[in-house]
>>> print(open('data-v9.cif').read())   # mmCIF, C-alpha atoms, pLDDT in the B column; chains and numbers go by the auth columns
data_structure
#
loop_
_atom_site.group_PDB
_atom_site.id
_atom_site.type_symbol
_atom_site.label_atom_id
_atom_site.label_comp_id
_atom_site.label_asym_id
_atom_site.label_seq_id
_atom_site.Cartn_x
_atom_site.Cartn_y
_atom_site.Cartn_z
_atom_site.B_iso_or_equiv
_atom_site.auth_seq_id
_atom_site.auth_asym_id
ATOM 1 C CA MET A 1 -10.393 29.046 -57.707 75.00 155 A
ATOM 2 C CA LEU A 2 -8.050 31.853 -56.765 82.00 156 A
ATOM 3 C CA ASP A 3 -9.025 35.252 -58.140 91.00 157 A
ATOM 4 C CA PRO A 4 -6.726 38.295 -58.421 93.00 158 A
ATOM 5 C CA THR A 5 -8.125 39.881 -55.254 95.00 159 A
ATOM 6 C CA ASP A 6 -7.557 36.670 -53.293 95.00 160 A
ATOM 7 C CA ALA A 7 -3.979 36.588 -54.578 93.00 161 A
ATOM 8 C CA GLN A 8 -3.458 40.220 -53.492 95.00 162 A
ATOM 9 C CA LEU A 9 -4.881 39.407 -50.068 95.00 163 A
ATOM 10 C CA ILE A 10 -2.630 36.376 -49.615 93.00 164 A
ATOM 11 C CA ASP A 11 0.437 38.361 -50.648 93.00 165 A
ATOM 12 C CA ARG A 12 -0.527 41.234 -48.335 94.00 166 A
ATOM 13 C CA LEU A 13 -1.053 38.930 -45.348 91.00 167 A
ATOM 14 C CA HIS A 14 2.148 36.981 -45.949 87.00 168 A
ATOM 15 C CA GLY A 15 4.079 39.835 -44.354 77.00 169 A
ATOM 16 C CA GLY A 16 1.920 39.834 -41.237 82.00 170 A
ATOM 17 C CA LEU A 17 -1.095 41.584 -39.819 88.00 171 A
ATOM 18 C CA PRO A 18 -0.946 45.180 -38.640 90.00 172 A
ATOM 19 C CA LEU A 19 -0.746 45.532 -34.865 92.00 173 A
ATOM 20 C CA SER A 20 -3.931 47.513 -34.419 95.00 174 A
ATOM 21 C CA GLU A 21 -7.410 47.193 -32.957 96.00 175 A
ATOM 22 C CA ARG A 22 -8.888 46.315 -36.377 97.00 176 A
ATOM 23 C CA PRO A 23 -6.142 44.588 -38.392 96.00 177 A
ATOM 24 C CA TYR A 24 -8.541 43.113 -40.959 97.00 178 A
ATOM 25 C CA ALA A 25 -10.074 46.536 -41.564 97.00 179 A
ATOM 26 C CA ASP A 26 -6.572 47.957 -42.039 97.00 180 A
ATOM 27 C CA VAL A 27 -5.666 45.208 -44.521 96.00 181 A
ATOM 28 C CA GLY A 28 -8.965 45.784 -46.314 97.00 182 A
ATOM 29 C CA ALA A 29 -8.242 49.511 -46.558 97.00 183 A
ATOM 30 C CA ASP A 30 -4.880 48.709 -48.156 95.00 184 A
ATOM 31 C CA LEU A 31 -6.642 46.612 -50.800 96.00 185 A
ATOM 32 C CA GLY A 32 -9.872 48.580 -51.263 97.00 186 A
ATOM 33 C CA LEU A 33 -11.926 45.952 -49.408 97.00 187 A
ATOM 34 C CA SER A 34 -14.138 46.070 -46.352 98.00 188 A
ATOM 35 C CA GLU A 35 -13.181 44.290 -43.145 98.00 189 A
ATOM 36 C CA ALA A 36 -16.098 41.879 -43.699 98.00 190 A
ATOM 37 C CA ASP A 37 -14.888 41.118 -47.236 98.00 191 A
ATOM 38 C CA VAL A 38 -11.369 40.337 -45.976 97.00 192 A
ATOM 39 C CA LEU A 39 -12.747 37.968 -43.329 97.00 193 A
ATOM 40 C CA GLN A 40 -15.161 36.348 -45.793 97.00 194 A
ATOM 41 C CA ARG A 41 -12.393 35.790 -48.357 96.00 195 A
ATOM 42 C CA LEU A 42 -10.066 34.291 -45.743 95.00 196 A
ATOM 43 C CA GLN A 43 -12.782 31.923 -44.554 95.00 197 A
ATOM 44 C CA ARG A 44 -13.580 30.876 -48.137 94.00 198 A
ATOM 45 C CA LEU A 45 -9.876 30.245 -48.868 92.00 199 A
ATOM 46 C CA LEU A 46 -9.613 28.103 -45.721 91.00 200 A
ATOM 47 C CA ASP A 47 -12.878 26.242 -46.395 91.00 201 A
ATOM 48 C CA SER A 48 -11.841 25.476 -49.981 90.00 202 A
ATOM 49 C CA GLY A 49 -8.392 24.233 -48.928 83.00 203 A
ATOM 50 C CA LEU A 50 -6.513 26.849 -50.970 84.00 204 A
ATOM 51 C CA LEU A 51 -5.176 27.982 -47.587 85.00 205 A
ATOM 52 C CA THR A 52 -4.577 25.186 -45.104 77.00 206 A
ATOM 53 C CA ARG A 53 -3.647 27.385 -42.170 77.00 207 A
ATOM 54 C CA PHE A 54 -3.853 31.040 -41.254 81.00 208 A
ATOM 55 C CA GLY A 55 -2.324 32.131 -37.991 79.00 209 A
ATOM 56 C CA PRO A 56 0.769 33.299 -36.180 75.00 210 A
ATOM 57 C CA LEU A 57 4.011 31.409 -35.796 71.00 211 A
ATOM 58 C CA PHE A 58 5.402 31.275 -32.279 70.00 212 A
ATOM 59 C CA GLN A 59 8.661 30.132 -30.740 76.00 213 A
ATOM 60 C CA ILE A 60 6.703 27.609 -28.746 76.00 214 A
ATOM 61 C CA GLU A 61 9.712 26.337 -26.787 79.00 215 A
ATOM 62 C CA LYS A 62 9.984 29.708 -25.028 78.00 216 A
ATOM 63 C CA ALA A 63 6.520 29.034 -23.609 80.00 217 A
ATOM 64 C CA GLY A 64 7.348 25.450 -22.537 82.00 218 A
ATOM 65 C CA GLY A 65 5.971 23.751 -25.645 83.00 219 A
ATOM 66 C CA GLN A 66 7.602 21.790 -28.423 88.00 220 A
ATOM 67 C CA PHE A 67 7.673 21.471 -32.205 88.00 221 A
ATOM 68 C CA LEU A 68 8.803 18.095 -33.472 92.00 222 A
ATOM 69 C CA LEU A 69 9.626 16.991 -37.005 94.00 223 A
ATOM 70 C CA ALA A 70 8.382 13.447 -37.531 97.00 224 A
ATOM 71 C CA ALA A 71 8.276 10.932 -40.354 97.00 225 A
ATOM 72 C CA ILE A 72 6.554 7.686 -41.271 98.00 226 A
ATOM 73 C CA ALA A 73 7.275 5.027 -43.881 98.00 227 A
ATOM 74 C CA VAL A 74 3.817 4.638 -45.427 97.00 228 A
ATOM 75 C CA PRO A 75 2.973 1.886 -47.927 97.00 229 A
ATOM 76 C CA GLU A 76 1.946 3.629 -51.157 95.00 230 A
ATOM 77 C CA ALA A 77 -1.490 1.993 -51.185 96.00 231 A
ATOM 78 C CA ASP A 78 -2.228 3.429 -47.720 96.00 232 A
ATOM 79 C CA PHE A 79 -0.777 6.905 -48.230 96.00 233 A
ATOM 80 C CA ASP A 80 -4.040 8.860 -48.631 95.00 234 A
ATOM 81 C CA ARG A 81 -5.677 7.087 -45.685 95.00 235 A
ATOM 82 C CA VAL A 82 -2.685 7.690 -43.405 96.00 236 A
ATOM 83 C CA ALA A 83 -2.373 11.320 -44.549 95.00 237 A
ATOM 84 C CA ALA A 84 -6.021 11.890 -43.626 94.00 238 A
ATOM 85 C CA GLN A 85 -5.494 10.304 -40.197 95.00 239 A
ATOM 86 C CA VAL A 86 -2.357 12.345 -39.499 96.00 240 A
ATOM 87 C CA ASN A 87 -3.832 15.602 -40.793 92.00 241 A
ATOM 88 C CA ALA A 88 -6.971 15.154 -38.691 92.00 242 A
ATOM 89 C CA LEU A 89 -4.987 15.680 -35.486 93.00 243 A
ATOM 90 C CA PRO A 90 -4.972 19.271 -34.222 91.00 244 A
ATOM 91 C CA ALA A 91 -1.355 18.789 -33.090 93.00 245 A
ATOM 92 C CA VAL A 92 -0.171 18.286 -36.683 93.00 246 A
ATOM 93 C CA ALA A 93 0.803 21.617 -38.194 79.00 247 A
ATOM 94 C CA HIS A 94 1.554 20.473 -41.743 80.00 248 A
ATOM 95 C CA ASN A 95 2.405 17.357 -43.703 86.00 249 A
ATOM 96 C CA TYR A 96 4.720 16.734 -46.657 89.00 250 A
ATOM 97 C CA ARG A 97 5.055 13.823 -49.074 93.00 251 A
ATOM 98 C CA ARG A 98 8.653 12.893 -49.913 94.00 252 A
ATOM 99 C CA THR A 99 10.311 10.472 -52.312 94.00 253 A
ATOM 100 C CA HIS A 100 12.224 8.581 -49.646 93.00 254 A
ATOM 101 C CA GLN A 101 11.723 5.447 -47.579 96.00 255 A
ATOM 102 C CA LEU A 102 10.262 7.793 -44.964 97.00 256 A
ATOM 103 C CA ASN A 103 7.746 9.241 -47.397 97.00 257 A
ATOM 104 C CA MET A 104 5.500 11.218 -45.043 97.00 258 A
ATOM 105 C CA TRP A 105 6.985 14.062 -42.999 96.00 259 A
ATOM 106 C CA PHE A 106 5.006 16.286 -40.652 95.00 260 A
ATOM 107 C CA VAL A 107 5.392 18.727 -37.788 93.00 261 A
ATOM 108 C CA VAL A 108 3.771 18.000 -34.434 95.00 262 A
ATOM 109 C CA ALA A 109 3.201 20.888 -32.022 91.00 263 A
ATOM 110 C CA GLY A 110 2.170 20.827 -28.399 92.00 264 A
ATOM 111 C CA GLU A 111 1.968 23.030 -25.342 91.00 265 A
ATOM 112 C CA THR A 112 4.263 20.534 -23.604 92.00 266 A
ATOM 113 C CA PRO A 113 6.698 17.864 -24.811 93.00 267 A
ATOM 114 C CA GLU A 114 4.371 15.258 -23.288 94.00 268 A
ATOM 115 C CA GLN A 115 1.508 16.440 -25.553 94.00 269 A
ATOM 116 C CA VAL A 116 3.791 16.019 -28.560 95.00 270 A
ATOM 117 C CA ASN A 117 4.786 12.514 -27.423 96.00 271 A
ATOM 118 C CA GLN A 118 1.116 11.643 -26.869 97.00 272 A
ATOM 119 C CA ALA A 119 0.242 12.829 -30.393 97.00 273 A
ATOM 120 C CA CYS A 120 3.003 10.624 -31.836 97.00 274 A
ATOM 121 C CA ARG A 121 1.727 7.631 -29.847 97.00 275 A
ATOM 122 C CA GLN A 122 -1.813 8.364 -31.088 97.00 276 A
ATOM 123 C CA ILE A 123 -0.617 8.465 -34.707 97.00 277 A
ATOM 124 C CA GLU A 124 1.147 5.123 -34.215 98.00 278 A
ATOM 125 C CA ALA A 125 -1.984 3.603 -32.661 97.00 279 A
ATOM 126 C CA GLU A 126 -4.310 4.903 -35.389 96.00 280 A
ATOM 127 C CA THR A 127 -2.084 4.119 -38.372 97.00 281 A
ATOM 128 C CA GLY A 128 -0.259 1.019 -37.139 97.00 282 A
ATOM 129 C CA LEU A 129 2.998 2.610 -38.346 98.00 283 A
ATOM 130 C CA HIS A 130 6.089 3.681 -36.411 98.00 284 A
ATOM 131 C CA VAL A 131 6.605 7.442 -36.045 98.00 285 A
ATOM 132 C CA TYR A 132 10.233 8.503 -36.308 98.00 286 A
ATOM 133 C CA ALA A 133 10.768 11.593 -34.168 96.00 287 A
ATOM 134 C CA PHE A 134 13.431 14.196 -34.963 94.00 288 A
ATOM 135 C CA PRO A 135 13.589 16.759 -32.160 88.00 289 A
ATOM 136 C CA LYS A 136 14.983 20.189 -32.962 84.00 290 A
ATOM 137 C CA GLU A 137 18.652 20.589 -32.125 84.00 291 A
ATOM 138 C CA ARG A 138 19.121 24.073 -33.529 82.00 292 A
ATOM 139 C CA GLU A 139 16.764 26.663 -34.966 78.00 293 A
ATOM 140 C CA PHE A 140 17.292 28.487 -38.241 77.00 294 A
ATOM 141 C CA PHE A 141 15.179 31.318 -39.583 75.00 295 A
ATOM 142 C CA VAL A 142 14.479 30.893 -43.273 75.00 296 A
ATOM 143 C CA GLU A 143 11.888 33.230 -44.723 73.00 297 A
ATOM 144 C CA LEU A 144 10.311 31.981 -47.916 70.00 298 A
ATOM 145 C CA ARG A 145 7.798 34.190 -49.664 76.00 299 A
ATOM 146 C CA LEU A 146 6.041 32.951 -52.752 75.00 300 A
ATOM 147 C CA SER A 147 3.819 35.419 -54.570 82.00 301 A
ATOM 148 C CA ALA A 148 0.257 34.249 -55.127 83.00 302 A
ATOM 149 C CA GLN A 149 -0.151 37.040 -57.691 82.00 303 A
ATOM 150 C CA ALA A 150 2.876 35.820 -59.675 82.00 304 A
ATOM 151 C CA ALA A 151 1.562 32.240 -59.598 80.00 305 A
ATOM 152 C CA LEU A 152 -1.854 33.416 -60.794 79.00 306 A
ATOM 153 C CA ALA A 153 -0.245 35.392 -63.636 79.00 307 A
ATOM 154 C CA LYS A 154 1.746 32.307 -64.723 79.00 308 A
ATOM 155 C CA GLN A 155 -1.446 30.241 -64.779 75.00 309 A
ATOM 156 C CA TYR A 156 -3.168 32.892 -66.867 70.00 310 A
ATOM 157 C CA VAL A 157 -0.309 32.978 -69.404 70.00 311 A
ATOM 158 C CA ALA A 158 -0.300 29.185 -69.626 71.00 312 A
ATOM 159 C CA ARG A 159 -4.079 29.093 -70.231 73.00 313 A
ATOM 160 C CA THR A 160 -4.109 31.844 -72.845 73.00 314 A
ATOM 161 C CA ARG A 161 -1.035 30.844 -74.890 68.00 315 A
ATOM 162 C CA PRO A 162 -2.088 29.245 -78.182 68.00 316 A
ATOM 163 C CA GLN A 163 -1.429 25.509 -78.480 63.00 317 A
ATOM 164 C CA GLY A 164 1.972 24.734 -79.890 59.00 318 A
ATOM 165 C CA GLU A 165 3.389 28.202 -79.254 55.00 319 A
ATOM 166 C CA PRO A 166 6.703 27.916 -77.420 55.00 320 A
ATOM 167 C CA HIS A 167 7.110 29.613 -74.086 50.00 321 A
ATOM 168 C CA VAL A 168 10.210 31.734 -73.794 51.00 322 A
ATOM 169 C CA ALA A 169 11.232 32.883 -70.311 51.00 323 A
ATOM 170 C CA HIS A 170 13.178 36.125 -70.030 47.00 324 A
#
>>> encode(input="data-v9.cif", output="structure tokens")
Amino acid sequence: MLDPTDAQLIDRLHGGLPLSERPYADVGADLGLSEADVLQRLQRLLDSGLLTRFGPLFQIEKAGGQFLLAAIAVPEADFDRVAAQVNALPAVAHNYRRTHQLNMWFVVAGETPEQVNQACRQIEAETGLHVYAFPKEREFFVELRLSAQAALAKQYVARTRPQGEPHVAH
């Protein structure tokens, strides 16, 4: 379960880590936490699955690597099994379920295009399903920030509102 301090930490880290010798200590100082507490909370959030990834984003192509958007048409009965197989690969950055014939979309990353191709072939071999590859043609920067603190506050309001009382958004 996400507590208010975890939500503050997530929101604070969403903007990046300080460029310093002890970035976690600096973040902790901002939030009134120790460096050890910051690291412990991050590890707990990762272990619990509330955070699925914590790390930098790179323009991998500038270093010779590749990001590839890929999709699979997964029979509904096999979706959870296939998702587990796909997500188990270190090359898969994240995975999305979609309401479309191609209902599983994911990003494959590799240090070289050949590593990305190999990961796609491995997914096909393990799942028995064809991987549709959509290489990047152009890059767009879209920054999306969702507040963990705002989400936590909404959950709190929803839990504490008496049954039957209408919710009015302002």
>>> axis_aligned_box(input="data-v9.cif", around="region 194-200 of chain A", padding_each_side="3 Å", output="lines of an AutoDock Vina configuration file")
center_x = -12.4
center_y = 32.2
center_z = -46.7
size_x = 11.5
size_y = 14.2
size_z = 10.3
>>> atom_distance(input="data-v9.cif", atom1="CA of Gly203 (chain A)", atom2="CA of Ala245 (chain A)")
18.2 Å
>>> resolve_selection(input="data-v9.cif", expression="the PyMOL selection byres ((chain A and resi 174-181) around 12)", output="MDAnalysis selection string")
chainID A and resid 162:173 182:196
>>> resolve_selection(input="data-v9.cif", expression="the PyMOL selection byres ((chain A and resi 303-309) around 10)", output="PyMOL selection string")
chain A and resi 156-165+300-302+310-314
>>> residues_around(input="data-v9.cif", residues="Phe295 (chain A)", least_positions_apart="2", cutoff="12 Å", atoms="all atoms listed in the file", output="PyMOL selection string")
chain A and resi 211+213+292-293+297-298
>>> closest_atom_pairs(input="data-v9.cif", of="region 260-294 of chain A", to="region 215-221 of chain A", cutoff="9 Å", atoms="only C-alpha atoms", output="Markdown table")
| residue | atom | partner | partner_atom | distance |
| --- | --- | --- | --- | --- |
| A:Val261 | CA | A:Phe221 | CA | 6.6 |
| A:Val262 | CA | A:Phe221 | CA | 5.7 |
| A:Ala263 | CA | A:Phe221 | CA | 4.5 |
| A:Gly264 | CA | A:Gln220 | CA | 5.5 |
| A:Glu265 | CA | A:Gly219 | CA | 4.1 |
| A:Thr266 | CA | A:Gly219 | CA | 4.2 |
| A:Pro267 | CA | A:Gln220 | CA | 5.4 |
| A:Glu268 | CA | A:Gln220 | CA | 8.9 |
| A:Gln269 | CA | A:Gly219 | CA | 8.6 |
| A:Val270 | CA | A:Gln220 | CA | 6.9 |
| A:Pro289 | CA | A:Phe221 | CA | 7.6 |
| A:Lys290 | CA | A:Phe221 | CA | 7.5 |
>>> resolve_selection(input="data-v9.cif", expression="the PyMOL selection byres ((chain A and resi 206) around 12)", output="PyMOL selection string")
chain A and resi 196-205+207-209+241+246-249
>>> atom_distance(input="data-v9.cif", atom1="CA of Asp234 (chain A)", atom2="CA of Arg252 (chain A)")
13.4 Å
>>> decode(input="data-v9.cif", residues="region 181-214 of chain A", atoms="N, CA, C and O atoms", output="short mmCIF file (atom, residue, chain, number, x, y, z; two decimals), in the first residue's frame")
data_model
loop_
_atom_site.label_atom_id
_atom_site.label_comp_id
_atom_site.auth_asym_id
_atom_site.auth_seq_id
_atom_site.Cartn_x
_atom_site.Cartn_y
_atom_site.Cartn_z
N VAL A 181 17.81 13.83 -1.79
CA VAL A 181 16.35 13.65 -1.89
C VAL A 181 15.77 13.46 -0.49
O VAL A 181 14.74 14.05 -0.14
N GLY A 182 16.44 12.64 0.31
CA GLY A 182 15.97 12.41 1.68
C GLY A 182 15.93 13.71 2.48
O GLY A 182 14.96 13.96 3.20
N ALA A 183 16.95 14.54 2.32
CA ALA A 183 16.97 15.83 3.03
C ALA A 183 15.79 16.70 2.62
O ALA A 183 15.19 17.38 3.45
N ASP A 184 15.43 16.66 1.34
CA ASP A 184 14.28 17.42 0.87
C ASP A 184 12.99 16.98 1.54
O ASP A 184 12.06 17.77 1.72
N LEU A 185 12.92 15.69 1.88
CA LEU A 185 11.68 15.11 2.40
C LEU A 185 11.72 14.80 3.89
O LEU A 185 10.78 14.23 4.44
N GLY A 186 12.85 15.12 4.55
CA GLY A 186 12.97 14.81 5.97
C GLY A 186 13.23 13.34 6.24
O GLY A 186 12.86 12.80 7.27
N LEU A 187 13.88 12.67 5.29
CA LEU A 187 14.19 11.24 5.40
C LEU A 187 15.70 11.04 5.36
O LEU A 187 16.43 11.87 4.81
N SER A 188 16.15 9.91 5.86
CA SER A 188 17.56 9.57 5.71
C SER A 188 17.79 8.95 4.34
O SER A 188 16.85 8.50 3.67
N GLU A 189 19.05 8.92 3.93
CA GLU A 189 19.41 8.26 2.67
C GLU A 189 18.98 6.80 2.69
O GLU A 189 18.41 6.28 1.73
N ALA A 190 19.22 6.12 3.83
CA ALA A 190 18.86 4.70 3.96
C ALA A 190 17.35 4.52 3.83
O ALA A 190 16.88 3.55 3.21
N ASP A 191 16.57 5.44 4.40
CA ASP A 191 15.11 5.34 4.32
C ASP A 191 14.64 5.50 2.87
O ASP A 191 13.76 4.77 2.41
N VAL A 192 15.24 6.44 2.14
CA VAL A 192 14.89 6.63 0.73
C VAL A 192 15.15 5.34 -0.05
O VAL A 192 14.30 4.86 -0.79
N LEU A 193 16.35 4.77 0.14
CA LEU A 193 16.70 3.55 -0.59
C LEU A 193 15.81 2.38 -0.18
O LEU A 193 15.39 1.58 -1.04
N GLN A 194 15.50 2.27 1.10
CA GLN A 194 14.63 1.19 1.58
C GLN A 194 13.22 1.34 0.99
O GLN A 194 12.63 0.36 0.54
N ARG A 195 12.69 2.54 0.98
CA ARG A 195 11.36 2.77 0.42
C ARG A 195 11.32 2.45 -1.08
O ARG A 195 10.39 1.82 -1.56
N LEU A 196 12.34 2.89 -1.81
CA LEU A 196 12.39 2.59 -3.24
C LEU A 196 12.42 1.08 -3.47
O LEU A 196 11.71 0.57 -4.34
N GLN A 197 13.24 0.37 -2.71
CA GLN A 197 13.32 -1.08 -2.88
C GLN A 197 11.99 -1.75 -2.56
O GLN A 197 11.55 -2.64 -3.27
N ARG A 198 11.32 -1.29 -1.50
CA ARG A 198 10.02 -1.85 -1.14
C ARG A 198 8.98 -1.58 -2.23
O ARG A 198 8.20 -2.46 -2.59
N LEU A 199 8.99 -0.38 -2.80
CA LEU A 199 8.05 -0.04 -3.88
C LEU A 199 8.30 -0.90 -5.12
O LEU A 199 7.36 -1.33 -5.78
N LEU A 200 9.57 -1.17 -5.42
CA LEU A 200 9.91 -2.04 -6.54
C LEU A 200 9.53 -3.49 -6.25
O LEU A 200 8.93 -4.17 -7.09
N ASP A 201 9.87 -3.97 -5.05
CA ASP A 201 9.56 -5.35 -4.68
C ASP A 201 8.06 -5.63 -4.67
O ASP A 201 7.62 -6.71 -5.02
N SER A 202 7.28 -4.63 -4.26
CA SER A 202 5.83 -4.82 -4.17
C SER A 202 5.14 -4.68 -5.53
O SER A 202 3.98 -5.03 -5.67
N GLY A 203 5.86 -4.11 -6.52
CA GLY A 203 5.26 -3.91 -7.83
C GLY A 203 4.56 -2.57 -7.99
O GLY A 203 4.04 -2.26 -9.06
N LEU A 204 4.51 -1.76 -6.90
CA LEU A 204 3.92 -0.42 -7.05
C LEU A 204 4.74 0.42 -8.02
O LEU A 204 4.20 1.22 -8.76
N LEU A 205 6.06 0.23 -8.02
CA LEU A 205 6.93 0.77 -9.07
C LEU A 205 7.43 -0.42 -9.86
O LEU A 205 7.88 -1.41 -9.28
N THR A 206 7.36 -0.34 -11.17
CA THR A 206 7.85 -1.45 -11.99
C THR A 206 9.25 -1.19 -12.51
O THR A 206 9.94 -2.11 -12.92
N ARG A 207 9.66 0.07 -12.50
CA ARG A 207 10.99 0.41 -12.99
C ARG A 207 11.41 1.72 -12.34
O ARG A 207 10.60 2.62 -12.17
N PHE A 208 12.69 1.80 -11.99
CA PHE A 208 13.26 3.05 -11.51
C PHE A 208 14.63 3.17 -12.14
O PHE A 208 15.51 2.34 -11.91
N GLY A 209 14.80 4.16 -12.98
CA GLY A 209 16.08 4.34 -13.63
C GLY A 209 16.02 5.43 -14.66
O GLY A 209 14.96 5.99 -14.94
N PRO A 210 17.16 5.74 -15.25
CA PRO A 210 17.21 6.84 -16.22
C PRO A 210 16.63 6.42 -17.57
O PRO A 210 16.52 5.23 -17.88
N LEU A 211 16.27 7.42 -18.34
CA LEU A 211 15.87 7.21 -19.73
C LEU A 211 16.97 7.78 -20.61
O LEU A 211 17.42 8.91 -20.40
N PHE A 212 17.41 7.01 -21.57
CA PHE A 212 18.49 7.41 -22.45
C PHE A 212 18.00 7.48 -23.89
O PHE A 212 17.08 6.77 -24.26
N GLN A 213 18.66 8.28 -24.70
CA GLN A 213 18.45 8.22 -26.15
C GLN A 213 19.42 7.15 -26.65
O GLN A 213 20.53 7.43 -27.06
N ILE A 214 18.95 5.94 -26.58
CA ILE A 214 19.80 4.77 -26.80
C ILE A 214 20.38 4.72 -28.22
O ILE A 214 21.47 4.21 -28.43
#
